[in-house]
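Undergrad: Okay, so here is upload_27.txt, and as you'll see once you scroll down, it has compact mmCIF, C-alpha atoms and all ligand atoms.
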```
# COMPACT_ATOMS: atom_id res chain seq x y z
CA MET A 1 162.32 -11.62 -8.87
CA GLU A 2 165.38 -11.86 -11.07
CA LYS A 3 165.54 -13.86 -14.32
CA ARG A 4 168.70 -15.96 -14.45
CA GLU A 5 170.20 -18.68 -16.68
CA GLN A 6 168.27 -20.60 -19.30
CA ILE A 7 167.55 -24.16 -18.14
CA TYR A 8 165.57 -25.48 -21.10
CA GLU A 9 164.67 -24.66 -24.68
CA GLY A 10 161.71 -26.37 -26.29
CA LYS A 11 160.17 -25.96 -29.74
CA ALA A 12 158.05 -22.94 -28.80
CA LYS A 13 159.37 -21.73 -25.44
CA LYS A 14 162.47 -21.16 -23.33
CA VAL A 15 162.56 -21.60 -19.56
CA PHE A 16 164.81 -19.64 -17.19
CA ASN A 17 165.68 -20.04 -13.52
CA THR A 18 165.05 -17.17 -11.15
CA ASP A 19 166.45 -16.19 -7.76
CA ASP A 20 163.45 -18.02 -6.25
CA PRO A 21 163.93 -21.82 -6.44
CA ASN A 22 160.16 -22.31 -6.71
CA LEU A 23 159.68 -20.01 -9.71
CA VAL A 24 160.79 -20.04 -13.35
CA VAL A 25 160.27 -17.63 -16.24
CA VAL A 26 158.78 -18.94 -19.49
CA GLU A 27 159.60 -17.01 -22.68
CA TYR A 28 157.40 -17.64 -25.72
CA LYS A 29 159.07 -17.79 -29.15
CA ASP A 30 157.66 -17.17 -32.64
CA ASP A 31 159.12 -20.52 -33.79
CA ALA A 32 156.57 -23.04 -34.99
CA THR A 33 157.02 -26.72 -35.68
CA ALA A 34 154.68 -29.52 -36.68
CA PHE A 35 154.84 -33.28 -37.14
CA ASN A 36 157.34 -33.72 -34.30
CA GLY A 37 159.63 -31.00 -35.60
CA LEU A 38 159.72 -32.16 -39.24
CA LYS A 39 158.06 -28.95 -40.44
CA LYS A 40 159.66 -25.75 -39.20
CA GLY A 41 158.78 -22.09 -39.55
CA THR A 42 157.98 -18.90 -37.73
CA ILE A 43 154.67 -17.23 -37.09
CA ALA A 44 155.29 -13.49 -36.58
CA GLY A 45 153.94 -12.34 -33.23
CA LYS A 46 152.94 -15.84 -32.11
CA GLY A 47 155.01 -15.69 -28.91
CA VAL A 48 153.26 -12.54 -27.75
CA ILE A 49 149.81 -13.88 -28.61
CA ASN A 50 150.33 -17.31 -27.01
CA ASN A 51 151.72 -15.74 -23.84
CA ARG A 52 148.71 -13.44 -23.49
CA VAL A 53 146.10 -16.01 -24.60
CA SER A 54 147.45 -18.76 -22.36
CA ASN A 55 147.58 -16.49 -19.31
CA HIS A 56 144.07 -15.21 -20.03
CA MET A 57 142.73 -18.78 -20.16
CA MET A 58 144.61 -19.86 -17.04
CA ARG A 59 143.37 -16.85 -15.05
CA MET A 60 139.82 -17.77 -15.99
CA LEU A 61 140.38 -21.43 -15.12
CA GLU A 62 141.84 -20.48 -11.72
CA LYS A 63 138.64 -18.52 -10.99
CA GLU A 64 136.67 -21.66 -11.84
CA GLY A 65 138.70 -23.76 -9.41
CA VAL A 66 141.36 -25.27 -11.68
CA PRO A 67 144.82 -24.88 -10.09
CA THR A 68 147.47 -23.73 -12.59
CA HIS A 69 151.18 -22.91 -12.63
CA LEU A 70 150.50 -19.24 -13.47
CA VAL A 71 152.06 -16.58 -11.23
CA GLU A 72 152.50 -13.34 -13.18
CA GLU A 73 152.88 -12.02 -16.73
CA ILE A 74 156.00 -9.86 -16.69
CA SER A 75 156.32 -8.81 -20.35
CA GLU A 76 154.77 -9.36 -23.77
CA ARG A 77 156.52 -12.71 -24.11
CA GLU A 78 157.47 -13.62 -20.54
CA THR A 79 155.54 -15.11 -17.64
CA VAL A 80 156.58 -16.21 -14.17
CA VAL A 81 155.22 -19.67 -13.39
CA LYS A 82 155.60 -22.10 -10.51
CA LYS A 83 158.40 -24.56 -11.08
CA VAL A 84 156.80 -27.97 -11.53
CA GLN A 85 157.87 -31.46 -12.42
CA ILE A 86 156.04 -32.08 -15.68
CA VAL A 87 154.00 -35.30 -15.81
CA PRO A 88 155.20 -36.76 -19.14
CA LEU A 89 151.70 -37.11 -20.58
CA GLU A 90 150.01 -35.12 -23.31
CA VAL A 91 146.36 -35.09 -22.34
CA ILE A 92 144.07 -34.59 -25.31
CA ILE A 93 140.36 -33.83 -25.09
CA ARG A 94 138.17 -33.86 -28.20
CA ASN A 95 134.64 -32.51 -28.70
CA ILE A 96 134.55 -32.73 -32.51
CA SER A 97 136.41 -35.11 -34.86
CA ALA A 98 139.54 -33.65 -36.49
CA GLY A 99 143.26 -34.21 -36.99
CA SER A 100 144.74 -37.53 -35.91
CA PHE A 101 141.34 -38.81 -34.70
CA SER A 102 139.85 -38.46 -38.20
CA LYS A 103 142.94 -39.97 -39.79
CA LYS A 104 143.26 -42.92 -37.40
CA TYR A 105 139.59 -43.90 -37.38
CA GLY A 106 138.80 -42.98 -41.00
CA VAL A 107 136.08 -40.41 -40.33
CA GLU A 108 135.54 -36.92 -41.71
CA GLU A 109 136.34 -33.85 -39.63
CA GLY A 110 133.46 -32.06 -37.93
CA ILE A 111 131.48 -34.89 -36.29
CA VAL A 112 130.19 -33.51 -32.97
CA PHE A 113 130.58 -36.12 -30.23
CA ASP A 114 127.82 -36.80 -27.67
CA GLU A 115 130.51 -36.88 -24.96
CA PRO A 116 134.08 -35.53 -25.05
CA THR A 117 136.89 -38.08 -25.47
CA ILE A 118 140.15 -38.19 -23.55
CA GLU A 119 143.43 -39.74 -24.62
CA PHE A 120 147.02 -39.75 -23.43
CA SER A 121 150.27 -39.61 -25.35
CA TYR A 122 153.58 -40.46 -23.72
CA LYS A 123 155.52 -37.18 -23.98
CA ASN A 124 158.69 -38.46 -25.61
CA ASP A 125 159.95 -36.84 -28.84
CA ASP A 126 162.32 -39.72 -29.67
CA LEU A 127 159.34 -42.09 -29.73
CA GLY A 128 157.07 -39.58 -31.50
CA ASP A 129 154.73 -39.12 -28.50
CA PRO A 130 153.00 -42.52 -28.80
CA LEU A 131 149.35 -42.93 -27.85
CA ILE A 132 148.96 -44.83 -24.56
CA ASN A 133 146.15 -45.62 -22.13
CA SER A 134 146.11 -45.08 -18.37
CA TYR A 135 147.26 -48.68 -17.69
CA HIS A 136 150.33 -48.04 -19.86
CA ALA A 137 150.95 -44.77 -18.01
CA LEU A 138 150.85 -46.68 -14.70
CA ALA A 139 153.09 -49.49 -16.02
CA LEU A 140 155.61 -46.90 -17.23
CA LYS A 141 155.35 -45.14 -13.83
CA LEU A 142 154.58 -41.84 -15.54
CA ALA A 143 151.99 -41.03 -12.86
CA THR A 144 150.16 -42.71 -9.98
CA LYS A 145 146.57 -43.93 -10.13
CA GLU A 146 145.47 -41.01 -7.97
CA GLU A 147 147.32 -38.53 -10.19
CA ILE A 148 145.76 -39.98 -13.33
CA ALA A 149 142.28 -39.74 -11.79
CA ARG A 150 142.93 -36.11 -10.80
CA ILE A 151 144.34 -35.26 -14.24
CA LYS A 152 141.23 -36.69 -15.95
CA GLU A 153 138.93 -34.78 -13.61
CA LEU A 154 140.78 -31.50 -14.19
CA ALA A 155 141.00 -32.01 -17.97
CA PHE A 156 137.22 -32.47 -18.30
CA LYS A 157 136.66 -29.45 -16.07
CA VAL A 158 138.97 -27.37 -18.29
CA ASN A 159 136.94 -28.54 -21.29
CA ASP A 160 133.60 -27.54 -19.71
CA VAL A 161 134.87 -24.09 -18.76
CA MET A 162 136.71 -23.32 -22.02
CA LYS A 163 134.03 -24.74 -24.31
CA ALA A 164 131.28 -22.55 -22.84
CA TYR A 165 133.48 -19.46 -22.70
CA LEU A 166 134.74 -19.81 -26.28
CA LEU A 167 131.25 -20.48 -27.64
CA SER A 168 130.17 -17.12 -26.19
CA LEU A 169 132.91 -15.58 -28.38
CA GLY A 170 131.79 -17.43 -31.52
CA ILE A 171 134.47 -20.12 -31.30
CA LYS A 172 133.99 -23.91 -31.33
CA LEU A 173 136.52 -25.73 -29.14
CA VAL A 174 137.23 -28.75 -31.36
CA ASP A 175 140.06 -30.34 -29.36
CA PHE A 176 143.11 -29.40 -27.30
CA LYS A 177 146.19 -30.73 -25.52
CA LEU A 178 147.03 -30.13 -21.86
CA GLU A 179 150.06 -30.86 -19.72
CA PHE A 180 150.08 -31.10 -15.95
CA GLY A 181 152.83 -30.68 -13.37
CA ARG A 182 153.53 -31.60 -9.76
CA LEU A 183 154.31 -28.94 -7.16
CA PRO A 184 156.90 -29.89 -4.49
CA ASP A 185 154.04 -30.98 -2.18
CA GLY A 186 152.64 -33.27 -4.88
CA THR A 187 149.68 -31.10 -5.89
CA ILE A 188 148.75 -31.52 -9.56
CA VAL A 189 148.43 -28.21 -11.43
CA LEU A 190 147.72 -27.30 -15.04
CA ALA A 191 151.03 -26.33 -16.72
CA ASP A 192 152.50 -25.63 -20.18
CA GLU A 193 150.19 -23.47 -22.33
CA ILE A 194 146.69 -23.15 -23.78
CA SER A 195 146.90 -21.35 -27.12
CA PRO A 196 146.16 -21.66 -30.84
CA ASP A 197 149.29 -23.88 -30.95
CA THR A 198 147.70 -26.45 -28.62
CA CYS A 199 143.98 -26.16 -29.41
CA ARG A 200 141.78 -26.41 -32.49
CA PHE A 201 139.46 -23.40 -32.69
CA TRP A 202 136.82 -23.14 -35.43
CA ASP A 203 134.64 -20.10 -36.09
CA SER A 204 131.14 -21.15 -34.97
CA GLU A 205 129.41 -19.66 -38.03
CA THR A 206 131.79 -20.59 -40.85
CA ASN A 207 133.95 -23.39 -39.33
CA GLU A 208 137.00 -21.40 -40.48
CA LYS A 209 140.14 -22.72 -38.76
CA LEU A 210 141.61 -20.19 -36.31
CA ASP A 211 144.60 -22.19 -35.03
CA LYS A 212 147.89 -23.87 -35.88
CA ASP A 213 146.26 -26.14 -38.47
CA ARG A 214 146.64 -23.14 -40.83
CA PHE A 215 150.43 -23.59 -40.43
CA ARG A 216 150.41 -27.42 -40.35
CA ARG A 217 148.35 -27.61 -43.55
CA ASP A 218 149.74 -24.54 -45.38
CA LEU A 219 146.33 -22.87 -45.47
CA GLY A 220 147.72 -19.31 -45.34
CA GLY A 221 146.44 -16.55 -43.06
CA VAL A 222 148.30 -18.01 -40.09
CA GLU A 223 149.11 -14.70 -38.36
CA ASP A 224 145.58 -13.39 -39.04
CA ALA A 225 144.09 -16.45 -37.33
CA TYR A 226 146.24 -16.02 -34.19
CA ASN A 227 145.40 -12.30 -34.12
CA GLU A 228 141.69 -13.03 -34.50
CA ILE A 229 141.76 -15.37 -31.49
CA MET A 230 143.52 -12.74 -29.38
CA ARG A 231 141.05 -10.07 -30.52
CA ARG A 232 138.01 -12.19 -29.64
CA LEU A 233 139.42 -13.14 -26.23
CA MET A 234 140.94 -9.85 -25.21
CA GLY A 235 139.34 -7.29 -27.49
CA ASP A 236 142.54 -6.00 -29.14
P1 LIG A 301 145.93 -34.37 -33.10
O1 LIG A 301 144.59 -34.40 -33.77
O2 LIG A 301 147.06 -34.11 -34.05
O3 LIG A 301 146.15 -35.58 -32.26
O4 LIG A 301 145.93 -33.10 -32.11
C1 LIG A 301 144.98 -32.98 -31.09
C2 LIG A 301 145.13 -31.64 -30.39
O5 LIG A 301 146.36 -31.57 -29.68
C3 LIG A 301 145.14 -30.43 -31.33
O6 LIG A 301 144.35 -29.40 -30.73
C4 LIG A 301 146.58 -30.00 -31.40
C5 LIG A 301 147.15 -30.47 -30.10
N1 LIG A 301 148.54 -30.94 -30.22
C6 LIG A 301 149.55 -30.31 -29.51
O7 LIG A 301 149.30 -29.35 -28.78
N2 LIG A 301 150.83 -30.80 -29.62
C7 LIG A 301 151.14 -31.86 -30.39
O8 LIG A 301 152.31 -32.24 -30.46
C8 LIG A 301 150.08 -32.50 -31.12
C9 LIG A 301 150.37 -33.68 -32.00
C10 LIG A 301 148.81 -32.01 -30.99
```
Would you mind giving the structure from this file in structure tokens?
TA:
Amino acid sequence: MEKREQIYEGKAKKVFNTDDPNLVVVEYKDDATAFNGLKKGTIAGKGVINNRVSNHMMRMLEKEGVPTHLVEEISERETVVKKVQIVPLEVIIRNISAGSFSKKYGVEEGIVFDEPTIEFSYKNDDLGDPLINSYHALALKLATKEEIARIKELAFKVNDVMKAYLLSLGIKLVDFKLEFGRLPDGTIVLADEISPDTCRFWDSETNEKLDKDRFRRDLGGVEDAYNEIMRRLMGD
């Protein structure tokens, strides 16, 4: 497998073609943004941590029956993944109130829900990723009814698996964002990343924030939080 020209650069990752038309290489950067790119910075070592953490989570999810884009980690910051067509939806699951949920509905952070919630944002930076429901997603032809049903099923499964696993490591899974892709045959697979950039992780004893909220809210100790997550998941 040979890494070739860059085909895309996002806020946190670059994507490269390979000599195999079905595979791409993702390269994780240390760049961090928040509030749709308004706040910019770097988190030293983040690319390495997110690459390793995301692959670790996806390997575990694969074992539990969740299909993912993951193929092979090839360096500290680079992973070979299946080339997919990204479904332009940000799928957000919440177990505990925080972030935009608390703001929008005027409730404090930390309320444990009886059942997880699911919401969709239309993945469109120019529009600021607006919140939509599944009827809007259908009207906008972002996905089919069957795809939306499958995405919901997989997202809740990811939540069940990750929530239990993280709790065993002393981490509360507050909320997280997923993206899904279509393989050439139409199969829906989990894509993008699962990392402290895309999840809220709180220490189960102290509720200390161990995720990107430390960057978003200028709480300090950003690198330490990312390192702590990697240490708890991978023991180094
Ligand atoms: P929110 O509370 O700001 O809506 O965020 C919910 C979850 O989604 C949180 O774990 C962070 C993650 N997220 C992303 O991964 N990318 C984004 O652009 C946003 C806004 C949130």
Undergrad: If we count only C-alpha atoms, what is near Gly65 (chain A) at a cut-off of 12 Å, once residues fewer than 2 positions away on the same chain are taken out, given as a PyMOL selection string?
TA: chain A and resi 58-63+67-68+153-154+157-158+161+189-190
Undergrad: Write out as a Markdown table a residue-level contact list of chain A versus ligand LIG 301 (chain A) with cut-off 6 Å: for each qualifying residue the closest pair of atoms and the distance in Å to one decimal, counting all atoms listed in the file, rows sorted by chain and residue number upward.
TA:
```
| residue | atom | partner | partner_atom | distance |
| --- | --- | --- | --- | --- |
| A:Ile92 | CA | A:LIG301 | O5 | 5.8 |
| A:Ala98 | CA | A:LIG301 | O1 | 5.8 |
| A:Gly99 | CA | A:LIG301 | O1 | 3.5 |
| A:Ser100 | CA | A:LIG301 | O1 | 3.8 |
| A:Phe101 | CA | A:LIG301 | O1 | 5.6 |
| A:Asp175 | CA | A:LIG301 | O6 | 4.6 |
| A:Phe176 | CA | A:LIG301 | O6 | 3.6 |
| A:Lys177 | CA | A:LIG301 | O5 | 4.2 |
| A:Asp197 | CA | A:LIG301 | O7 | 5.9 |
| A:Thr198 | CA | A:LIG301 | O7 | 3.3 |
| A:Cys199 | CA | A:LIG301 | O6 | 3.5 |
| A:Arg200 | CA | A:LIG301 | O6 | 4.3 |
```
Undergrad: Take the residues just selected and output them with C-alpha atoms as a PDB file, in the frame of the given file.
TA:
```pdb
ATOM      1  CA  ILE A  92     144.070 -34.590 -25.310  1.00  0.00           C
ATOM      2  CA  ALA A  98     139.540 -33.650 -36.490  1.00  0.00           C
ATOM      3  CA  GLY A  99     143.260 -34.210 -36.990  1.00  0.00           C
ATOM      4  CA  SER A 100     144.740 -37.530 -35.910  1.00  0.00           C
ATOM      5  CA  PHE A 101     141.340 -38.810 -34.700  1.00  0.00           C
ATOM      6  CA  ASP A 175     140.060 -30.340 -29.360  1.00  0.00           C
ATOM      7  CA  PHE A 176     143.110 -29.400 -27.300  1.00  0.00           C
ATOM      8  CA  LYS A 177     146.190 -30.730 -25.520  1.00  0.00           C
ATOM      9  CA  ASP A 197     149.290 -23.880 -30.950  1.00  0.00           C
ATOM     10  CA  THR A 198     147.700 -26.450 -28.620  1.00  0.00           C
ATOM     11  CA  CYS A 199     143.980 -26.160 -29.410  1.00  0.00           C
ATOM     12  CA  ARG A 200     141.780 -26.410 -32.490  1.00  0.00           C
TER      13      ARG A 200
END
```
Undergrad: CA of Lys172 (chain A) and CA of Trp202 (chain A) are how many Å apart?
TA: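 CA of Lys172 (chain A) sits 5.0 Å away from CA of Trp202 (chain A).
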Undergrad: In terms of the shortest atom-to-atom distance over all atoms listed in the file, which of A:Met1, A:Ile132, A:Ala149, A:Leu142 is closest to Leu23 (chain A)?
TA: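 Using all atoms listed in the file, the shortest distance to Leu23 (chain A) belongs to A:Met1.
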Undergrad: With all atoms listed in the file as the counted atoms, please give the residues lying no more than 12 Å from Ile7 (chain A), apart from itself and same-chain residues fewer than 2 positions off, as JSON, numbers by chain.
TA: {"A": [3, 4, 5, 9, 10, 13, 14, 15, 16, 17, 18, 24, 25, 26, 27, 83]}
Undergrad: So what do you get for CA of Asp126 (chain A) versus CA of Lys141 (chain A), distance-wise?
TA: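 One can read the CA of Asp126 (chain A) to CA of Lys141 (chain A) distance as 18.1 Å.
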Undergrad: Would you compute the distance between CA of Leu140 (chain A) and CA of Val84 (chain A)? Give it in Å to one decimal.
TA: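 According to the coordinates, CA of Leu140 (chain A) and CA of Val84 (chain A) are separated by 19.8 Å.
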Undergrad: Please list as a PDB file with C-alpha atoms, keeping the file's coordinate frame every residue within 12 Å of Thr144 (chain A), counting all atoms listed in the file and excluding residues in the same chain fewer than 5 positions away.
TA:
```pdb
ATOM      1  CA  VAL A  87     154.000 -35.300 -15.810  1.00  0.00           C
ATOM      2  CA  SER A 134     146.110 -45.080 -18.370  1.00  0.00           C
ATOM      3  CA  TYR A 135     147.260 -48.680 -17.690  1.00  0.00           C
ATOM      4  CA  HIS A 136     150.330 -48.040 -19.860  1.00  0.00           C
ATOM      5  CA  ALA A 137     150.950 -44.770 -18.010  1.00  0.00           C
ATOM      6  CA  LEU A 138     150.850 -46.680 -14.700  1.00  0.00           C
ATOM      7  CA  ALA A 139     153.090 -49.490 -16.020  1.00  0.00           C
ATOM      8  CA  ALA A 149     142.280 -39.740 -11.790  1.00  0.00           C
ATOM      9  CA  ARG A 150     142.930 -36.110 -10.800  1.00  0.00           C
ATOM     10  CA  ILE A 151     144.340 -35.260 -14.240  1.00  0.00           C
ATOM     11  CA  ARG A 182     153.530 -31.600  -9.760  1.00  0.00           C
ATOM     12  CA  GLY A 186     152.640 -33.270  -4.880  1.00  0.00           C
ATOM     13  CA  ILE A 188     148.750 -31.520  -9.560  1.00  0.00           C
TER      14      ILE A 188
END
```
Undergrad: With all atoms listed in the file as the counted atoms, please give the residues lying no more than 12 Å from Asp218 (chain A), apart from itself and same-chain residues fewer than 5 positions off, as a VMD selection string.
TA: chain A and resid 34 39 to 41 209 211 to 213
Undergrad: Show me the residues close to (152.1, -25.4, -18.0) - anything with an atom within 9 Å, counting all atoms listed in the file - and format the list as a PyMOL selection string.
TA: chain A and resi 68-70+81-82+84+86+178-181+189-194
Undergrad: Taking all atoms listed in the file into account, name the residue in A:Glu76, A:Asp129, A:Glu115, A:Asp31 that is nearest to Ile43 (chain A).
TA: A:Asp31
Undergrad: Could you work out an axis-aligned box for region 120-130 of chain A, taking every atom the file lists and adding 6 Å on each side, and report centre and edge lengths in Å to one decimal, as lines of an AutoDock Vina configuration file?
TA:
```
center_x = 154.7
center_y = -39.7
center_z = -27.5
size_x = 27.3
size_y = 17.7
size_z = 20.1
```
Undergrad: Tell me which protein, DNA and RNA residues are within 9 Å of region 46-52 of chain A, counting only C-alpha atoms, leaving out same-chain ones fewer than 4 positions away, and put them as a short mmCIF file (atom, residue, chain, number, x, y, z; two decimals) with C-alpha atoms, keeping the file's coordinate frame.
TA:
```cif
data_model
loop_
_atom_site.label_atom_id
_atom_site.label_comp_id
_atom_site.auth_asym_id
_atom_site.auth_seq_id
_atom_site.Cartn_x
_atom_site.Cartn_y
_atom_site.Cartn_z
CA ALA A 12 158.05 -22.94 -28.80
CA LYS A 13 159.37 -21.73 -25.44
CA VAL A 26 158.78 -18.94 -19.49
CA GLU A 27 159.60 -17.01 -22.68
CA TYR A 28 157.40 -17.64 -25.72
CA LYS A 29 159.07 -17.79 -29.15
CA ASP A 30 157.66 -17.17 -32.64
CA ASP A 31 159.12 -20.52 -33.79
CA ALA A 32 156.57 -23.04 -34.99
CA THR A 42 157.98 -18.90 -37.73
CA HIS A 56 144.07 -15.21 -20.03
CA MET A 57 142.73 -18.78 -20.16
CA GLU A 73 152.88 -12.02 -16.73
CA SER A 75 156.32 -8.81 -20.35
CA GLU A 76 154.77 -9.36 -23.77
CA ARG A 77 156.52 -12.71 -24.11
CA GLU A 78 157.47 -13.62 -20.54
CA THR A 79 155.54 -15.11 -17.64
CA GLU A 193 150.19 -23.47 -22.33
CA ILE A 194 146.69 -23.15 -23.78
CA SER A 195 146.90 -21.35 -27.12
CA PRO A 196 146.16 -21.66 -30.84
CA ASP A 197 149.29 -23.88 -30.95
CA GLU A 223 149.11 -14.70 -38.36
CA TYR A 226 146.24 -16.02 -34.19
CA ASN A 227 145.40 -12.30 -34.12
CA ILE A 229 141.76 -15.37 -31.49
CA MET A 230 143.52 -12.74 -29.38
CA MET A 234 140.94 -9.85 -25.21
#
```
